[in-house]
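S.K.: So that you have it, the file is coords.csv, and it contains CSV, N, CA and C atoms and all ligand atoms:
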chain,number,residue,atom,x,y,z
Y,541,MET,N,19.9,-10.1,17.2
Y,541,MET,CA,19.2,-10.7,16.1
Y,541,MET,C,17.8,-11.1,16.5
Y,542,THR,N,16.8,-10.7,15.7
Y,542,THR,CA,15.5,-11.1,16.0
Y,542,THR,C,14.9,-12.0,14.9
Y,543,ASN,N,14.1,-12.9,15.3
Y,543,ASN,CA,13.5,-13.9,14.4
Y,543,ASN,C,12.0,-13.7,14.4
Y,544,TYR,N,11.4,-13.8,13.3
Y,544,TYR,CA,9.9,-13.9,13.3
Y,544,TYR,C,9.5,-15.3,13.5
Y,545,VAL,N,8.6,-15.5,14.4
Y,545,VAL,CA,8.1,-16.9,14.7
Y,545,VAL,C,6.7,-17.0,14.1
Y,546,VAL,N,6.5,-18.0,13.3
Y,546,VAL,CA,5.2,-18.2,12.7
Y,546,VAL,C,4.6,-19.5,13.2
Y,547,CYS,N,3.3,-19.5,13.2
Y,547,CYS,CA,2.5,-20.7,13.7
Y,547,CYS,C,2.8,-21.8,12.7
Y,548,PRO,N,3.2,-23.0,13.2
Y,548,PRO,CA,3.4,-24.1,12.3
Y,548,PRO,C,2.2,-24.7,11.6
Y,549,ASP,N,1.0,-24.4,12.1
Y,549,ASP,CA,-0.2,-24.9,11.5
Y,549,ASP,C,-0.8,-23.9,10.5
Y,550,CYS,N,-0.9,-22.7,10.8
Y,550,CYS,CA,-1.6,-21.7,9.9
Y,550,CYS,C,-0.7,-20.7,9.3
Y,551,GLY,N,0.6,-20.6,9.8
Y,551,GLY,CA,1.5,-19.6,9.2
Y,551,GLY,C,1.3,-18.2,9.7
Y,552,TYR,N,0.5,-18.0,10.8
Y,552,TYR,CA,0.3,-16.7,11.3
Y,552,TYR,C,1.5,-16.2,12.0
Y,553,LYS,N,1.9,-14.9,11.7
Y,553,LYS,CA,3.0,-14.3,12.4
Y,553,LYS,C,2.7,-14.0,13.8
Y,554,LEU,N,3.4,-14.7,14.7
Y,554,LEU,CA,3.1,-14.7,16.1
Y,554,LEU,C,3.8,-13.5,16.8
Y,555,LEU,N,5.1,-13.5,16.7
Y,555,LEU,CA,5.9,-12.5,17.4
Y,555,LEU,C,7.3,-12.4,16.8
Y,556,LYS,N,8.0,-11.4,17.2
Y,556,LYS,CA,9.4,-11.3,17.0
Y,556,LYS,C,10.1,-11.7,18.3
Y,557,ALA,N,11.1,-12.6,18.1
Y,557,ALA,CA,11.8,-13.0,19.4
Y,557,ALA,C,13.3,-13.1,19.1
Y,558,GLY,N,14.0,-12.7,20.1
Y,558,GLY,CA,15.4,-12.7,20.0
Y,558,GLY,C,16.1,-13.9,20.7
Y,559,ASP,N,17.4,-14.0,20.6
Y,559,ASP,CA,18.1,-15.1,21.1
Y,559,ASP,C,17.8,-15.3,22.6
Y,560,GLY,N,17.6,-16.5,23.0
Y,560,GLY,CA,17.4,-16.8,24.5
Y,560,GLY,C,15.9,-16.7,24.9
Y,561,SER,N,15.0,-16.5,23.9
Y,561,SER,CA,13.6,-16.4,24.2
Y,561,SER,C,13.0,-17.8,24.6
Y,562,ASN,N,12.1,-17.8,25.5
Y,562,ASN,CA,11.4,-19.0,25.9
Y,562,ASN,C,10.0,-18.5,26.3
Y,563,VAL,N,9.1,-18.6,25.4
Y,563,VAL,CA,7.8,-18.0,25.7
Y,563,VAL,C,6.7,-19.0,25.3
Y,564,GLU,N,5.5,-18.9,26.0
Y,564,GLU,CA,4.3,-19.6,25.6
Y,564,GLU,C,3.4,-18.6,25.0
Y,565,ILE,N,2.7,-19.0,23.9
Y,565,ILE,CA,1.8,-18.1,23.3
Y,565,ILE,C,0.6,-18.9,22.6
Y,566,TYR,N,-0.5,-18.2,22.6
Y,566,TYR,CA,-1.6,-18.8,21.8
Y,566,TYR,C,-1.7,-18.2,20.5
Y,567,CYS,N,-1.8,-19.0,19.4
Y,567,CYS,CA,-2.0,-18.5,18.1
Y,567,CYS,C,-3.5,-17.9,18.1
Y,568,PRO,N,-3.6,-16.7,17.7
Y,568,PRO,CA,-5.0,-16.1,17.7
Y,568,PRO,C,-5.8,-16.6,16.6
Y,569,LYS,N,-5.2,-17.2,15.6
Y,569,LYS,CA,-5.9,-17.6,14.4
Y,569,LYS,C,-6.5,-19.0,14.6
Y,570,CYS,N,-5.7,-20.0,15.1
Y,570,CYS,CA,-6.1,-21.3,15.2
Y,570,CYS,C,-6.2,-21.8,16.6
Y,571,LYS,N,-5.9,-20.9,17.6
Y,571,LYS,CA,-6.0,-21.2,19.0
Y,571,LYS,C,-5.1,-22.3,19.5
Y,572,LEU,N,-4.0,-22.5,18.7
Y,572,LEU,CA,-3.0,-23.5,19.1
Y,572,LEU,C,-2.1,-22.9,20.2
Y,573,LYS,N,-1.8,-23.7,21.2
Y,573,LYS,CA,-0.9,-23.2,22.3
Y,573,LYS,C,0.5,-23.7,21.9
Y,574,LEU,N,1.4,-22.8,21.9
Y,574,LEU,CA,2.8,-23.1,21.5
Y,574,LEU,C,3.8,-22.6,22.5
Y,575,ARG,N,4.9,-23.4,22.6
Y,575,ARG,CA,6.0,-22.9,23.3
Y,575,ARG,C,7.1,-22.6,22.3
Y,576,ILE,N,7.7,-21.5,22.5
Y,576,ILE,CA,8.8,-21.1,21.5
Y,576,ILE,C,10.1,-20.9,22.2
Y,577,ILE,N,11.1,-21.6,21.8
Y,577,ILE,CA,12.4,-21.5,22.4
Y,577,ILE,C,13.4,-21.2,21.3
Y,578,ILE,N,14.1,-20.1,21.6
Y,578,ILE,CA,15.1,-19.7,20.6
Y,578,ILE,C,16.5,-19.7,21.3
Y,579,LYS,N,17.4,-20.5,20.6
Y,579,LYS,CA,18.8,-20.5,21.0
Y,579,LYS,C,19.7,-20.2,19.8
Y,580,GLY,N,20.2,-19.0,19.8
Y,580,GLY,CA,21.0,-18.6,18.6
Y,580,GLY,C,20.1,-18.6,17.4
Y,581,ASP,N,20.5,-19.3,16.4
Y,581,ASP,CA,19.8,-19.4,15.1
Y,581,ASP,C,18.7,-20.5,15.1
Y,582,GLU,N,18.7,-21.2,16.2
Y,582,GLU,CA,17.8,-22.4,16.2
Y,582,GLU,C,16.5,-22.0,16.9
Y,583,ILE,N,15.4,-22.2,16.2
Y,583,ILE,CA,14.1,-21.9,16.7
Y,583,ILE,C,13.3,-23.2,16.9
Y,584,THR,N,12.9,-23.5,18.1
Y,584,THR,CA,12.1,-24.7,18.4
Y,584,THR,C,10.7,-24.3,18.8
Y,585,ILE,N,9.8,-24.9,18.1
Y,585,ILE,CA,8.4,-24.6,18.3
Y,585,ILE,C,7.7,-25.9,18.8
Y,586,LEU,N,7.2,-25.9,20.0
Y,586,LEU,CA,6.5,-27.1,20.5
Y,586,LEU,C,5.0,-26.8,20.6
Y,587,LYS,N,4.3,-27.8,20.1
Y,587,LYS,CA,2.8,-27.7,20.2
Y,587,LYS,C,2.4,-28.2,21.6
Y,588,MET,N,1.6,-27.5,22.3
Y,588,MET,CA,1.2,-27.9,23.6
Y,588,MET,C,-0.3,-28.2,23.6
Y,589,LEU,N,-0.6,-29.3,23.0
Y,589,LEU,CA,-2.0,-29.7,22.9
Y,589,LEU,C,-2.6,-30.2,24.2
Y,590,SER,N,-1.7,-31.0,24.9
Y,590,SER,CA,-2.2,-31.5,26.2
Y,590,SER,C,-1.1,-31.3,27.2
Y,591,GLU,N,-1.5,-30.6,28.3
Y,591,GLU,CA,-0.6,-30.4,29.4
Y,591,GLU,C,-0.9,-31.3,30.5
Y,592,LYS,N,-0.4,-32.4,30.5
Y,592,LYS,CA,-0.6,-33.4,31.6
Y,592,LYS,C,0.8,-33.7,32.3
Y,593,VAL,N,1.3,-32.7,32.9
Y,593,VAL,CA,2.6,-32.8,33.5
Y,593,VAL,C,2.4,-33.3,35.0
Y,601,ZN,ZN,-2.1,-20.9,14.0
Is it possible to express this structure as structure tokens?
M.R.:
Amino acid sequence: MTNYVVCPDCGYKLLKAGDGSNVEIYCPKCKLKLRIIIKGDEITILKMLSEKV
């Protein structure tokens, strides 16, 4: 099963991702950096505005 992941800010279609995906991506439209984690039917989208780890 694949899910379309859209940017939470602008709604841009970022990618298709399947179960178990864990990717970082820049939205080309609003330049937001996102981490996308997919577990089964659950899609988690984290905004990565500041990376101070
Ligand atoms: Zn966006």
S.K.: List all protein, DNA and RNA residues that have at least one atom no more than 6 Å from any atom of ligand ZN 601 (chain Y), counting all atoms listed in the file, and write them as a ChimeraX atom specification.
M.R.: /Y:547-552,567-572
S.K.: Got a sec: who's within 7 Å of Ile576 (chain Y), counting all atoms listed in the file, leaving out chain neighbours fewer than 2 positions off, as a ChimeraX atom specification?
M.R.: /Y:561-565,574,578,583-586
S.K.: Write out as a list in words which residues come within 6.5 Å of Asp559 (chain Y) when counting all atoms listed in the file, dropping same-chain ones fewer than 3 positions away.
M.R.: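 In the requested format, the answer is Met541, Thr542, Asn543, Ile578, Lys579 and Gly580 of chain Y.
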S.K.: Could you give me the residues within chain Y that DSSP places in strand (DSSP E or B), as a ChimeraX atom specification?
M.R.: /Y:542-546,553-558,562-566,573-579,582-587
S.K.: Can you tell me how far atom N of Val545 (chain Y) sits from CA of Gly558 (chain Y), in Å to one decimal?
M.R.: 9.2 Å
S.K.: If we count only C-alpha atoms and set the cut-off at 10 Å, which residues sit around Tyr544 (chain Y), ignoring sequence neighbours fewer than 6 positions away in its own chain? Please answer as a PyMOL selection string.
M.R.: chain Y and resi 553-558+583
S.K.: Taking N, CA and C atoms for each residue, export the selection above as a PDB file, keeping the file's coordinate frame.
M.R.:
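And here is the file that came out, again.pdb:
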ATOM      1  N   LYS Y 553       1.900 -14.900  11.700  1.00  0.00           N
ATOM      2  CA  LYS Y 553       3.000 -14.300  12.400  1.00  0.00           C
ATOM      3  C   LYS Y 553       2.700 -14.000  13.800  1.00  0.00           C
ATOM      4  N   LEU Y 554       3.400 -14.700  14.700  1.00  0.00           N
ATOM      5  CA  LEU Y 554       3.100 -14.700  16.100  1.00  0.00           C
ATOM      6  C   LEU Y 554       3.800 -13.500  16.800  1.00  0.00           C
ATOM      7  N   LEU Y 555       5.100 -13.500  16.700  1.00  0.00           N
ATOM      8  CA  LEU Y 555       5.900 -12.500  17.400  1.00  0.00           C
ATOM      9  C   LEU Y 555       7.300 -12.400  16.800  1.00  0.00           C
ATOM     10  N   LYS Y 556       8.000 -11.400  17.200  1.00  0.00           N
ATOM     11  CA  LYS Y 556       9.400 -11.300  17.000  1.00  0.00           C
ATOM     12  C   LYS Y 556      10.100 -11.700  18.300  1.00  0.00           C
ATOM     13  N   ALA Y 557      11.100 -12.600  18.100  1.00  0.00           N
ATOM     14  CA  ALA Y 557      11.800 -13.000  19.400  1.00  0.00           C
ATOM     15  C   ALA Y 557      13.300 -13.100  19.100  1.00  0.00           C
ATOM     16  N   GLY Y 558      14.000 -12.700  20.100  1.00  0.00           N
ATOM     17  CA  GLY Y 558      15.400 -12.700  20.000  1.00  0.00           C
ATOM     18  C   GLY Y 558      16.100 -13.900  20.700  1.00  0.00           C
ATOM     19  N   ILE Y 583      15.400 -22.200  16.200  1.00  0.00           N
ATOM     20  CA  ILE Y 583      14.100 -21.900  16.700  1.00  0.00           C
ATOM     21  C   ILE Y 583      13.300 -23.200  16.900  1.00  0.00           C
TER      22      ILE Y 583
END
S.K.: I'd like the interatomic distance between atom C of Glu582 (chain Y) and CA of Gly560 (chain Y), to a tenth of an Å.
M.R.: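 The value is 9.3 Å.
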S.K.: What does the structure give for the distance between atom C of Tyr566 (chain Y) and atom N of Asp581 (chain Y), in Å to one decimal?
M.R.: 22.6 Å
S.K.: Any chance you could model all heavy atoms for region 554-565 of chain Y and send them as a short mmCIF file (atom, residue, chain, number, x, y, z; two decimals), in the frame of the given file?
M.R.:
data_model
loop_
_atom_site.label_atom_id
_atom_site.label_comp_id
_atom_site.auth_asym_id
_atom_site.auth_seq_id
_atom_site.Cartn_x
_atom_site.Cartn_y
_atom_site.Cartn_z
N LEU Y 554 3.40 -14.70 14.70
CA LEU Y 554 3.10 -14.70 16.10
C LEU Y 554 3.80 -13.50 16.80
O LEU Y 554 3.23 -12.72 17.53
CB LEU Y 554 3.40 -15.99 16.83
CG LEU Y 554 2.59 -17.18 16.33
CD1 LEU Y 554 3.19 -18.47 16.86
CD2 LEU Y 554 1.15 -17.07 16.78
N LEU Y 555 5.10 -13.50 16.70
CA LEU Y 555 5.90 -12.50 17.40
C LEU Y 555 7.30 -12.40 16.80
O LEU Y 555 7.75 -13.34 16.10
CB LEU Y 555 5.95 -12.83 18.87
CG LEU Y 555 6.47 -14.23 19.23
CD1 LEU Y 555 7.94 -14.20 19.64
CD2 LEU Y 555 5.66 -14.82 20.35
N LYS Y 556 8.00 -11.40 17.20
CA LYS Y 556 9.40 -11.30 17.00
C LYS Y 556 10.10 -11.70 18.30
O LYS Y 556 9.72 -11.26 19.33
CB LYS Y 556 9.84 -9.88 16.64
CG LYS Y 556 9.75 -9.49 15.21
CD LYS Y 556 10.36 -8.10 15.07
CE LYS Y 556 10.01 -7.47 13.74
NZ LYS Y 556 10.43 -6.05 13.71
N ALA Y 557 11.10 -12.60 18.10
CA ALA Y 557 11.80 -13.00 19.40
C ALA Y 557 13.30 -13.10 19.10
O ALA Y 557 13.72 -13.39 18.02
CB ALA Y 557 11.25 -14.36 19.77
N GLY Y 558 14.00 -12.70 20.10
CA GLY Y 558 15.40 -12.70 20.00
C GLY Y 558 16.10 -13.90 20.70
O GLY Y 558 15.36 -14.80 21.21
N ASP Y 559 17.40 -14.00 20.60
CA ASP Y 559 18.10 -15.10 21.10
C ASP Y 559 17.80 -15.30 22.60
O ASP Y 559 17.76 -14.30 23.34
CB ASP Y 559 19.58 -14.88 20.89
CG ASP Y 559 20.44 -16.07 21.31
OD1 ASP Y 559 19.88 -17.15 21.54
OD2 ASP Y 559 21.65 -15.89 21.39
N GLY Y 560 17.60 -16.50 23.00
CA GLY Y 560 17.40 -16.80 24.50
C GLY Y 560 15.90 -16.70 24.90
O GLY Y 560 15.60 -16.90 26.03
N SER Y 561 15.00 -16.50 23.90
CA SER Y 561 13.60 -16.40 24.20
C SER Y 561 13.00 -17.80 24.60
O SER Y 561 13.45 -18.78 24.05
CB SER Y 561 12.81 -15.82 23.07
OG SER Y 561 13.21 -14.49 22.81
N ASN Y 562 12.10 -17.80 25.50
CA ASN Y 562 11.40 -19.00 25.90
C ASN Y 562 10.00 -18.50 26.30
O ASN Y 562 9.82 -18.09 27.46
CB ASN Y 562 12.15 -19.69 27.02
CG ASN Y 562 11.51 -21.04 27.33
OD1 ASN Y 562 10.32 -21.25 27.12
ND2 ASN Y 562 12.31 -21.94 27.85
N VAL Y 563 9.10 -18.60 25.40
CA VAL Y 563 7.80 -18.00 25.70
C VAL Y 563 6.70 -19.00 25.30
O VAL Y 563 6.83 -19.90 24.48
CB VAL Y 563 7.52 -16.73 24.88
CG1 VAL Y 563 8.46 -15.64 25.35
CG2 VAL Y 563 7.68 -16.95 23.39
N GLU Y 564 5.50 -18.90 26.00
CA GLU Y 564 4.30 -19.60 25.60
C GLU Y 564 3.40 -18.60 25.00
O GLU Y 564 3.24 -17.46 25.47
CB GLU Y 564 3.66 -20.21 26.83
CG GLU Y 564 4.42 -21.40 27.35
CD GLU Y 564 3.73 -22.02 28.56
OE1 GLU Y 564 2.52 -21.77 28.74
OE2 GLU Y 564 4.40 -22.74 29.30
N ILE Y 565 2.70 -19.00 23.90
CA ILE Y 565 1.80 -18.10 23.30
C ILE Y 565 0.60 -18.90 22.60
O ILE Y 565 0.81 -20.03 22.23
CB ILE Y 565 2.53 -17.26 22.20
CG1 ILE Y 565 1.67 -16.11 21.66
CG2 ILE Y 565 3.04 -18.13 21.07
CD1 ILE Y 565 2.44 -15.13 20.79
#
